[in-house]
file model11.tsv (TSV, C-alpha atoms (C1' of nucleotides))
chain	number	residue	atom	x	y	z
F	215	MET	CA	0.00	0.00	0.00
F	216	LYS	CA	1.46	3.36	-1.06
F	217	ILE	CA	1.19	6.58	0.84
F	218	GLY	CA	-1.71	7.96	-1.20
F	219	ALA	CA	-3.83	4.89	-0.54
F	220	LEU	CA	-2.96	4.94	3.13
F	221	ALA	CA	-3.89	8.61	3.27
F	222	LYS	CA	-7.30	7.84	1.80
F	223	ARG	CA	-7.90	4.99	4.23
F	224	THR	CA	-6.88	6.96	7.30
F	225	GLY	CA	-8.14	10.41	6.44
F	226	LEU	CA	-4.68	11.84	7.01
F	227	THR	CA	-2.89	13.70	4.23
F	228	ALA	CA	0.21	12.15	2.70
F	229	HIS	CA	2.05	15.17	4.05
F	230	ALA	CA	0.89	14.40	7.58
F	231	ILE	CA	1.91	10.76	7.25
F	232	ARG	CA	5.43	11.76	6.18
F	233	TYR	CA	5.53	14.26	9.02
F	234	TYR	CA	4.55	11.56	11.52
F	235	GLU	CA	7.29	9.31	10.23
F	236	ARG	CA	9.80	12.15	10.42
F	237	ILE	CA	9.09	12.85	14.06
F	238	GLY	CA	8.95	9.17	14.97
F	239	LEU	CA	5.26	8.70	15.54
F	240	LEU	CA	5.13	6.20	12.71
F	241	PRO	CA	7.93	3.68	12.24
F	242	TYR	CA	10.24	4.22	9.28
F	243	ALA	CA	8.37	2.64	6.38
F	244	ASP	CA	9.84	0.13	3.96
F	245	ARG	CA	10.57	1.59	0.52
F	246	ASN	CA	10.05	-0.19	-2.79
F	247	GLN	CA	12.53	-0.06	-5.71
F	248	SER	CA	11.40	3.46	-6.53
F	249	ARG	CA	12.04	4.58	-2.95
F	250	HIS	CA	8.32	4.97	-2.44
F	251	ARG	CA	6.92	4.03	0.97
F	252	ASP	CA	5.19	0.65	0.93
F	253	TYR	CA	2.88	0.06	3.86
F	254	ASP	CA	1.59	-3.11	5.41
F	255	ALA	CA	-2.07	-3.13	6.47
F	256	SER	CA	-0.96	-3.52	10.09
F	257	ILE	CA	-0.05	0.16	10.18
F	258	LEU	CA	-3.77	0.97	10.04
F	259	THR	CA	-4.34	-0.29	13.58
F	260	TRP	CA	-1.57	1.86	14.94
F	261	ILE	CA	-2.70	4.96	13.07
F	262	GLU	CA	-6.23	4.42	14.29
F	263	PHE	CA	-5.01	4.21	17.86
F	264	LEU	CA	-2.94	7.35	17.42
F	265	GLY	CA	-6.13	8.99	16.21
F	266	ARG	CA	-7.83	8.05	19.46
F	267	LEU	CA	-5.01	9.55	21.46
F	268	LYS	CA	-5.20	12.68	19.38
F	269	THR	CA	-8.99	12.92	19.69
F	270	THR	CA	-8.66	12.70	23.43
F	271	GLY	CA	-6.19	15.57	23.43
F	272	MET	CA	-2.91	13.80	24.03
F	273	PRO	CA	-0.06	16.06	22.91
F	274	ILE	CA	2.28	14.66	20.28
F	275	ARG	CA	5.20	14.57	22.68
F	276	ASP	CA	3.32	12.05	24.86
F	277	MET	CA	2.36	9.98	21.85
F	278	LEU	CA	6.04	9.96	20.96
F	279	ARG	CA	6.88	8.57	24.37
F	280	TYR	CA	4.31	5.83	23.92
F	281	ALA	CA	5.52	5.12	20.38
F	282	ALA	CA	9.10	4.87	21.63
F	283	LEU	CA	8.14	2.37	24.34
F	284	ARG	CA	6.24	0.38	21.75
F	285	GLU	CA	9.30	0.28	19.49
F	286	GLU	CA	11.41	-0.86	22.42
F	287	GLY	CA	9.10	-3.83	22.69
F	288	ALA	CA	8.84	-6.28	25.55
F	289	GLY	CA	9.66	-5.01	29.01
F	290	THR	CA	8.00	-1.65	28.57
F	291	GLU	CA	4.42	-2.80	29.09
F	292	ALA	CA	4.17	-1.51	32.66
F	293	GLU	CA	5.20	1.97	31.63
F	294	ARG	CA	2.92	1.96	28.61
F	295	ARG	CA	0.06	0.90	30.82
F	296	ALA	CA	0.84	3.62	33.36
F	297	LEU	CA	0.98	6.21	30.60
F	298	LEU	CA	-2.40	5.16	29.27
F	299	GLU	CA	-3.93	5.04	32.74
F	300	ARG	CA	-2.81	8.57	33.48
F	301	HIS	CA	-4.21	9.64	30.17
F	302	ARG	CA	-7.50	7.87	30.83
F	303	GLU	CA	-7.90	9.83	34.03
F	304	ARG	CA	-7.38	13.08	32.19
F	305	VAL	CA	-9.93	12.09	29.57
F	306	ARG	CA	-12.47	11.17	32.24
F	307	ALA	CA	-11.97	14.55	33.86
F	308	GLN	CA	-12.36	16.16	30.47
F	309	VAL	CA	-15.67	14.39	29.90
F	310	ASP	CA	-16.91	15.51	33.30
F	311	GLU	CA	-15.95	19.07	32.52
F	312	LEU	CA	-17.69	18.97	29.15
F	313	ASN	CA	-20.85	17.63	30.75
F	314	ALA	CA	-20.77	20.46	33.27
F	315	CYS	CA	-20.42	22.90	30.37
F	316	LEU	CA	-23.36	21.26	28.62
F	317	LEU	CA	-25.56	22.01	31.64
F	318	VAL	CA	-24.50	25.64	31.51
F	319	LEU	CA	-25.22	25.75	27.79
F	320	ASP	CA	-28.66	24.24	28.37
F	321	THR	CA	-29.47	26.91	30.92
F	322	LYS	CA	-28.26	29.68	28.65
F	323	ILE	CA	-30.22	28.36	25.68
F	324	ASP	CA	-33.36	27.99	27.81
F	325	GLY	CA	-32.97	31.64	28.71
F	326	TYR	CA	-33.05	32.62	25.05
F	327	VAL	CA	-36.04	30.37	24.42
F	328	GLU	CA	-37.94	32.24	27.11
F	329	THR	CA	-36.88	35.59	25.67
F	330	GLU	CA	-38.25	34.56	22.30
F	331	GLN	CA	-41.51	33.34	23.82
F	332	ARG	CA	-42.03	36.69	25.52
F	333	LYS	CA	-41.33	38.40	22.22
F	334	THR	CA	-43.80	36.12	20.46
F	335	ASP	CA	-46.42	36.90	23.09
F	336	ASP	CA	-45.86	40.62	22.52
F	337	ASP	CA	-46.18	40.22	18.77
F	338	TYR	CA	-49.23	38.03	18.61
F	339	THR	CA	-51.24	38.62	21.79
F	340	PRO	CA	-50.56	42.22	22.66
F	341	VAL	CA	-54.14	42.91	23.77
F	342	GLN	CA	-54.20	40.04	26.18
F	343	VAL	CA	-53.15	41.51	29.52
F	344	ARG	CA	-51.86	39.49	32.48
F	345	ARG	CA	-53.85	36.42	33.29
F	346	LYS	CA	-55.92	36.64	36.43
F	347	PRO	CA	-55.11	40.23	37.36
F	348	ALA	CA	-58.21	40.39	39.53
Z	218	MET	CA	-11.06	46.01	40.34
Z	219	LYS	CA	-7.76	46.38	38.47
Z	220	ILE	CA	-6.42	43.99	35.90
Z	221	GLY	CA	-4.10	42.15	38.30
Z	222	ALA	CA	-6.94	41.37	40.68
Z	223	LEU	CA	-9.17	40.27	37.82
Z	224	ALA	CA	-6.38	38.05	36.56
Z	225	LYS	CA	-6.12	36.37	39.94
Z	226	ARG	CA	-9.87	35.84	40.16
Z	227	THR	CA	-10.21	34.41	36.67
Z	228	GLY	CA	-7.00	32.48	36.34
Z	229	LEU	CA	-6.19	34.38	33.15
Z	230	THR	CA	-2.98	36.38	32.87
Z	231	ALA	CA	-3.21	40.16	32.66
Z	232	HIS	CA	-1.65	39.79	29.22
Z	233	ALA	CA	-4.45	37.49	28.13
Z	234	ILE	CA	-7.10	39.87	29.46
Z	235	ARG	CA	-5.62	42.74	27.47
Z	236	TYR	CA	-5.42	40.49	24.44
Z	237	TYR	CA	-9.09	39.58	24.80
Z	238	GLU	CA	-10.03	43.22	24.99
Z	239	ARG	CA	-7.88	44.00	21.96
Z	240	ILE	CA	-9.61	41.43	19.79
Z	241	GLY	CA	-13.06	42.33	21.09
Z	242	LEU	CA	-13.84	39.33	23.23
Z	243	LEU	CA	-14.04	41.56	26.28
Z	244	PRO	CA	-15.70	44.97	26.06
Z	245	TYR	CA	-13.40	47.98	26.22
Z	246	ALA	CA	-12.86	48.51	29.94
Z	247	ASP	CA	-13.31	51.82	31.75
Z	248	ARG	CA	-10.02	53.46	32.72
Z	249	ASN	CA	-9.37	55.33	35.96
Z	250	GLN	CA	-7.43	58.64	36.19
Z	251	SER	CA	-4.15	56.76	35.71
Z	252	ARG	CA	-5.52	55.15	32.53
Z	253	HIS	CA	-5.57	51.81	34.31
Z	254	ARG	CA	-8.44	49.44	33.52
Z	255	ASP	CA	-11.09	49.40	36.23
Z	256	TYR	CA	-13.38	46.40	36.15
Z	257	ASP	CA	-16.85	45.87	37.50
Z	258	ALA	CA	-17.55	42.49	39.09
Z	259	SER	CA	-20.10	41.80	36.35
Z	260	ILE	CA	-17.27	41.04	33.96
Z	261	LEU	CA	-16.58	37.86	35.93
Z	262	THR	CA	-19.77	36.21	34.70
Z	263	TRP	CA	-18.90	36.91	31.11
Z	264	ILE	CA	-15.33	35.70	31.48
Z	265	GLU	CA	-16.54	32.56	33.14
Z	266	PHE	CA	-18.92	31.88	30.28
Z	267	LEU	CA	-16.16	32.50	27.78
Z	268	GLY	CA	-14.16	29.93	29.70
Z	269	ARG	CA	-16.92	27.40	29.17
Z	270	LEU	CA	-16.95	28.09	25.47
Z	271	LYS	CA	-13.20	27.71	25.38
Z	272	THR	CA	-13.25	24.49	27.40
Z	273	THR	CA	-15.72	23.05	24.97
Z	274	GLY	CA	-13.46	23.87	22.07
Z	275	MET	CA	-15.19	26.85	20.52
Z	276	PRO	CA	-12.68	28.75	18.37
Z	277	ILE	CA	-12.12	32.39	19.23
Z	278	ARG	CA	-13.66	33.59	15.99
Z	279	ASP	CA	-17.00	32.04	17.01
Z	280	MET	CA	-16.77	33.52	20.49
Z	281	LEU	CA	-16.18	36.86	18.77
Z	282	ARG	CA	-19.38	36.42	16.79
Z	283	TYR	CA	-21.29	35.68	19.98
Z	284	ALA	CA	-19.65	38.59	21.78
Z	285	ALA	CA	-20.57	40.92	18.92
Z	286	LEU	CA	-24.22	39.83	19.03
Z	287	ARG	CA	-24.23	40.36	22.77
Z	288	GLU	CA	-22.86	43.88	22.33
Z	289	GLU	CA	-25.53	44.57	19.75
Z	290	GLY	CA	-28.08	43.76	22.44
Z	291	ALA	CA	-31.77	43.16	21.98
Z	292	GLY	CA	-32.88	41.64	18.72
Z	293	THR	CA	-29.98	39.25	18.41
Z	294	GLU	CA	-31.25	36.61	20.83
Z	295	ALA	CA	-32.45	34.21	18.15
Z	296	GLU	CA	-29.07	34.18	16.48
Z	297	ARG	CA	-27.23	33.83	19.77
Z	298	ARG	CA	-29.48	30.93	20.66
Z	299	ALA	CA	-28.90	29.27	17.29
Z	300	LEU	CA	-25.15	29.71	17.68
Z	301	LEU	CA	-25.18	28.08	21.11
Z	302	GLU	CA	-27.45	25.27	19.93
Z	303	ARG	CA	-25.12	24.43	17.08
Z	304	HIS	CA	-22.25	24.49	19.51
Z	305	ARG	CA	-24.09	22.27	21.98
Z	306	GLU	CA	-24.53	19.65	19.29
Z	307	ARG	CA	-20.84	19.70	18.54
Z	308	VAL	CA	-20.03	19.32	22.22
Z	309	ARG	CA	-22.42	16.41	22.58
Z	310	ALA	CA	-20.77	14.71	19.65
Z	311	GLN	CA	-17.40	15.39	21.23
Z	312	VAL	CA	-18.49	13.76	24.48
Z	313	ASP	CA	-19.74	10.71	22.59
Z	314	GLU	CA	-16.44	10.45	20.77
Z	315	LEU	CA	-14.46	10.73	24.00
Z	316	ASN	CA	-16.54	8.01	25.59
Z	317	ALA	CA	-15.86	5.76	22.62
Z	318	CYS	CA	-12.15	6.47	23.03
Z	319	LEU	CA	-12.40	5.63	26.73
Z	320	LEU	CA	-13.69	2.18	25.85
Z	321	VAL	CA	-10.73	1.64	23.55
Z	322	LEU	CA	-8.36	2.82	26.26
Z	323	ASP	CA	-9.95	0.43	28.74
Z	324	THR	CA	-9.43	-2.47	26.37
Z	325	LYS	CA	-5.84	-1.53	25.71
Z	326	ILE	CA	-5.08	-1.13	29.40
Z	327	ASP	CA	-6.72	-4.47	30.19
Z	328	GLY	CA	-4.40	-6.01	27.64
Z	329	TYR	CA	-1.36	-4.69	29.49
Z	330	VAL	CA	-2.77	-5.87	32.82
Z	331	GLU	CA	-2.99	-9.39	31.42
Z	332	THR	CA	0.55	-9.16	30.06
Z	333	GLU	CA	1.81	-8.22	33.49
Z	334	GLN	CA	-0.11	-11.03	35.14
Z	335	ARG	CA	1.45	-13.55	32.79
Z	336	LYS	CA	4.86	-12.10	33.60
Z	337	THR	CA	4.13	-12.32	37.34
Z	338	ASP	CA	3.10	-15.94	36.93
Z	339	ASP	CA	6.34	-16.67	35.13
Z	340	ASP	CA	8.39	-14.98	37.82
Z	341	TYR	CA	6.80	-16.40	40.91
Z	342	THR	CA	5.19	-19.71	40.01
Z	343	PRO	CA	7.40	-21.17	37.33
Z	344	VAL	CA	7.25	-24.68	38.76
Z	345	GLN	CA	3.49	-24.72	38.97
Z	346	VAL	CA	2.33	-26.21	35.68
Z	347	ARG	CA	-1.20	-25.90	34.32
Z	348	ARG	CA	-3.94	-26.67	36.81
Z	349	LYS	CA	-5.69	-29.96	36.23
Z	350	PRO	CA	-3.47	-31.28	33.48
Z	351	ALA	CA	-4.61	-34.76	34.36
N	156	DC	C1'	13.74	61.76	46.86
N	157	DT	C1'	13.75	57.55	45.33
N	158	DA	C1'	12.70	52.87	44.82
N	159	DC	C1'	9.21	49.58	43.85
N	160	DG	C1'	5.26	47.28	42.46
N	161	DG	C1'	1.78	47.87	40.01
N	162	DG	C1'	-0.17	49.55	35.54
N	163	DT	C1'	0.05	51.27	30.15
N	164	DT	C1'	0.79	50.46	24.71
N	165	DC	C1'	2.76	48.31	20.82
N	166	DG	C1'	4.50	44.81	18.49
N	167	DA	C1'	7.43	40.82	18.18
N	168	DG	C1'	7.89	35.91	19.35
N	169	DC	C1'	6.51	31.22	20.45
N	170	DG	C1'	4.77	26.31	20.69
N	171	DC	C1'	1.85	23.31	18.45
N	172	DG	C1'	0.56	20.55	14.63
N	173	DC	C1'	0.56	20.36	10.58
N	174	DT	C1'	0.61	22.25	5.41
N	175	DC	C1'	2.65	23.58	1.41
N	176	DT	C1'	6.27	24.57	-2.12
N	177	DA	C1'	10.16	23.45	-4.92
N	178	DA	C1'	12.74	20.54	-7.53
N	179	DG	C1'	13.34	16.23	-8.77
N	180	DT	C1'	12.39	10.75	-9.75
N	181	DC	C1'	9.80	7.13	-11.65
N	182	DA	C1'	6.19	3.99	-14.12
N	183	DA	C1'	2.54	3.45	-16.97
N	184	DG	C1'	-0.53	4.75	-20.82
N	185	DA	C1'	-1.49	7.31	-25.42
L	277	DT	C1'	8.59	9.15	-27.16
L	278	DC	C1'	6.13	12.10	-24.37
L	279	DT	C1'	2.90	13.23	-20.86
L	280	DT	C1'	0.70	12.51	-16.66
L	281	DG	C1'	0.39	11.81	-12.03
L	282	DA	C1'	1.91	9.90	-7.90
L	283	DC	C1'	5.76	9.69	-5.40
L	284	DT	C1'	10.54	11.58	-3.11
L	285	DT	C1'	13.27	15.06	0.19
L	286	DA	C1'	14.25	19.34	2.55
L	287	DG	C1'	12.75	23.10	4.42
L	288	DA	C1'	9.80	27.24	4.68
L	289	DG	C1'	5.21	28.91	6.08
L	290	DC	C1'	0.84	29.15	8.54
L	291	DG	C1'	-3.20	29.62	11.81
L	292	DC	C1'	-4.21	29.56	16.44
L	293	DG	C1'	-4.03	31.45	20.95
L	294	DC	C1'	-1.67	33.45	23.58
L	295	DT	C1'	3.01	35.22	25.85
L	296	DC	C1'	6.53	38.20	26.45
L	297	DG	C1'	9.68	42.23	26.10
L	298	DA	C1'	10.58	47.14	25.77
L	299	DA	C1'	9.87	51.48	27.17
L	300	DC	C1'	7.24	54.20	29.72
L	301	DC	C1'	3.75	56.07	33.53
L	302	DC	C1'	1.86	56.19	38.29
L	303	DG	C1'	1.16	56.20	43.41
L	304	DT	C1'	2.72	54.99	47.71
L	305	DA	C1'	6.10	53.51	51.49
L	306	DG	C1'	10.57	54.18	53.46

call {"tool": "encode", "arguments": {"input": "model11.tsv", "output": "C-alpha cells"}}
result
Amino acid sequence: MKIGALAKRTGLTAHAIRYYERIGLLPYADRNQSRHRDYDASILTWIEFLGRLKTTGMPIRDMLRYAALREEGAGTEAERRALLERHRERVRAQVDELNACLLVLDTKIDGYVETEQRKTDDDYTPVQVRRKPA
Amino acid sequence: MKIGALAKRTGLTAHAIRYYERIGLLPYADRNQSRHRDYDASILTWIEFLGRLKTTGMPIRDMLRYAALREEGAGTEAERRALLERHRERVRAQVDELNACLLVLDTKIDGYVETEQRKTDDDYTPVQVRRKPA
DNA sequence: CTACGGGTTCGAGCGCGCTCTAAGTCAAGA
DNA sequence: TCTTGACTTAGAGCGCGCTCGAACCCGTAG
C-alpha cells in the first residue's frame, strides 16, 4: 500500500503521514525499488489508535513517548500501561468538565427560548393583559 | 477592580485579558485617572462563560461572533441561541467520541494488565504447571 | 527623593501541529 | 517518445491562541 492509498484509508494527508514518520510517531516505512513508501495493512491499527489519542487531546510529545516504548518492545508494558492510565484519568476529567459545560449551555439556551416566547407573546397577543389580574 | 486582581480571580494572565479586549472578546474597559483598567464584578460572569466556550473547544472567531451579538443587544437573541445550539450539538458529539475512546483505552489497558499477570506468573510460580493437566 | 510594584501600549515571538512549495524521480498509458 | 500523475526530500510557512519584552507612567512607602 502506497502513501496515497494509506492517506485515503486513514483520512490523514500524505504530508501528515510523512511528518509523523519524520518525528517518529510512525515507524520508518519500507521503501520499494522506486524509494516509495510501501505500507503493510498492520499500520492501520496503529494509526487508528494514534487517532484516538489525538482525539482525546494527548499532545504529540506524549504519543512519541508511547511510540518509543512500543518500538522498544517487551519489558515496557508496565510503563505503557501507566501512561495510558494517566491519560485515561485526564480524559475522564475532560468528559466531566464537558458535561458540566453542557448544563450551563442548556441553561443559557433555555434563557433565550424564554426571551423569544415573551417576544412572540408581545407580537401576537398584545391585547391580552396578564392572566388573572383580579 | 484592576487587571491584576481580575487576573487572579479568573486564572487568566493580565496579558491574556488585554489580548481579549484588543480582539473584542471583552468589552473595552473603563479606565481610571491613571488610565488603568477598572473592572466591575459583572465582567466575571462573562469571562466565566467564555471559559466554558473555550473548554468546549469553541474557536475564538466564534466567540467573537457571539460577543458581537451580545454587544448589539436586543434583537440578536435568536441568532445567539442558534449559535449556542449548534455548539451544543458539537459538544455532545465530542463527548460521545471521547466516551468511545475511553472504551478503547480500557481495552488496551486491560491487555497490558494481562501481560503483566502472565509475567508475574512466570516470575513467581514457574514450577506450577497448568492446573488440572490430568 | 527615590525605589518599587503595580499599571500602560505596541509589536514581536513562540509552541503546536501540521501544510505547502520546490525541484526532482519514476512507471505506466497514449 | 512524451505526458501525466503519484511519489521523493528538505525546508519554509501558517493559523491559532496566547506570551513576552521594551519602554514608559503612576502612586505609595521608606

call {"tool": "residues_around", "arguments": {"input": "model11.tsv", "residues": "range 164-166 of chain N", "least_positions_apart": "5", "cutoff": "12 Å", "atoms": "only C-alpha atoms (C1' of nucleotides)", "output": "JSON, numbers by chain"}}
result
{"Z": [232, 235, 236, 239, 252, 253], "L": [296, 297, 298, 299, 300, 301]}

call {"tool": "atom_distance", "arguments": {"input": "model11.tsv", "atom1": "C1' of DA305 in chain L", "atom2": "CA of Gln250 in chain Z"}}
result
21.1 Å

call {"tool": "calpha_fit_rmsd", "arguments": {"input": "model11.tsv", "fixed": "chain F", "moving": "chain Z"}}
result
0.3 Å

call {"tool": "atom_distance", "arguments": {"input": "model11.tsv", "atom1": "CA of Asp327 in chain Z", "atom2": "CA of Met277 in chain F"}}
result
19.0 Å

call {"tool": "closest_atom_pairs", "arguments": {"input": "model11.tsv", "of": "chain L", "to": "chain F", "cutoff": "12 Å", "atoms": "only C-alpha atoms (C1' of nucleotides)", "output": "Markdown table"}}
result
| residue | atom | partner | partner_atom | distance |
| --- | --- | --- | --- | --- |
| L:DG281 | C1' | F:Gly218 | CA | 11.7 |
| L:DA282 | C1' | F:Gly218 | CA | 7.9 |
| L:DC283 | C1' | F:His250 | CA | 6.1 |
| L:DT284 | C1' | F:His250 | CA | 7.0 |
| L:DT285 | C1' | F:Arg232 | CA | 10.4 |
| L:DA286 | C1' | F:Arg236 | CA | 11.6 |

call {"tool": "residues_around", "arguments": {"input": "model11.tsv", "residues": "DT295 in chain L", "least_positions_apart": "5", "cutoff": "12 Å", "atoms": "all atoms listed in the file", "output": "PDB file with C-alpha atoms (C1' of nucleotides), in the coordinates of the input"}}
result
ATOM      1  CA  LEU Z 229      -6.190  34.380  33.150  1.00  0.00           C
ATOM      2  CA  THR Z 230      -2.980  36.380  32.870  1.00  0.00           C
ATOM      3  CA  ALA Z 231      -3.210  40.160  32.660  1.00  0.00           C
ATOM      4  CA  HIS Z 232      -1.650  39.790  29.220  1.00  0.00           C
ATOM      5  CA  ALA Z 233      -4.450  37.490  28.130  1.00  0.00           C
ATOM      6  CA  ILE Z 234      -7.100  39.870  29.460  1.00  0.00           C
ATOM      7  CA  ARG Z 235      -5.620  42.740  27.470  1.00  0.00           C
ATOM      8  CA  TYR Z 236      -5.420  40.490  24.440  1.00  0.00           C
TER       9      TYR Z 236
ATOM     10  C1'  DA N 167       7.430  40.820  18.180  1.00  0.00           C
ATOM     11  C1'  DG N 168       7.890  35.910  19.350  1.00  0.00           C
ATOM     12  C1'  DC N 169       6.510  31.220  20.450  1.00  0.00           C
ATOM     13  C1'  DG N 170       4.770  26.310  20.690  1.00  0.00           C
TER      14       DG N 170
END

call {"tool": "interface_residues", "arguments": {"input": "model11.tsv", "of": "chain F", "to": "chain Z", "cutoff": "6 Å", "atoms": "only C-alpha atoms", "output": "mmCIF file with C-alpha atoms, keeping the file's coordinate frame"}}
result
data_model
loop_
_atom_site.group_PDB
_atom_site.id
_atom_site.type_symbol
_atom_site.label_atom_id
_atom_site.label_comp_id
_atom_site.auth_asym_id
_atom_site.auth_seq_id
_atom_site.Cartn_x
_atom_site.Cartn_y
_atom_site.Cartn_z
ATOM 1 C CA ARG F 266 -7.830 8.050 19.460
ATOM 2 C CA ARG F 295 0.060 0.900 30.820
ATOM 3 C CA CYS F 315 -20.420 22.900 30.370
ATOM 4 C CA ILE F 323 -30.220 28.360 25.680
ATOM 5 C CA TYR F 326 -33.050 32.620 25.050
#

call {"tool": "residues_around", "arguments": {"input": "model11.tsv", "residues": "DT277 in chain L", "least_positions_apart": "2", "cutoff": "12 Å", "atoms": "all atoms listed in the file", "output": "number ranges by chain"}}
result
N: 184-185; L: 279

call {"tool": "residues_near_point", "arguments": {"input": "model11.tsv", "point": "(-3.1, 29.4, 19.7)", "cutoff": "9 Å", "atoms": "only C-alpha atoms (C1' of nucleotides)", "output": "list in words"}}
result
DG170 and DC171 of chain N; DG291, DC292, DG293 and DC294 of chain L
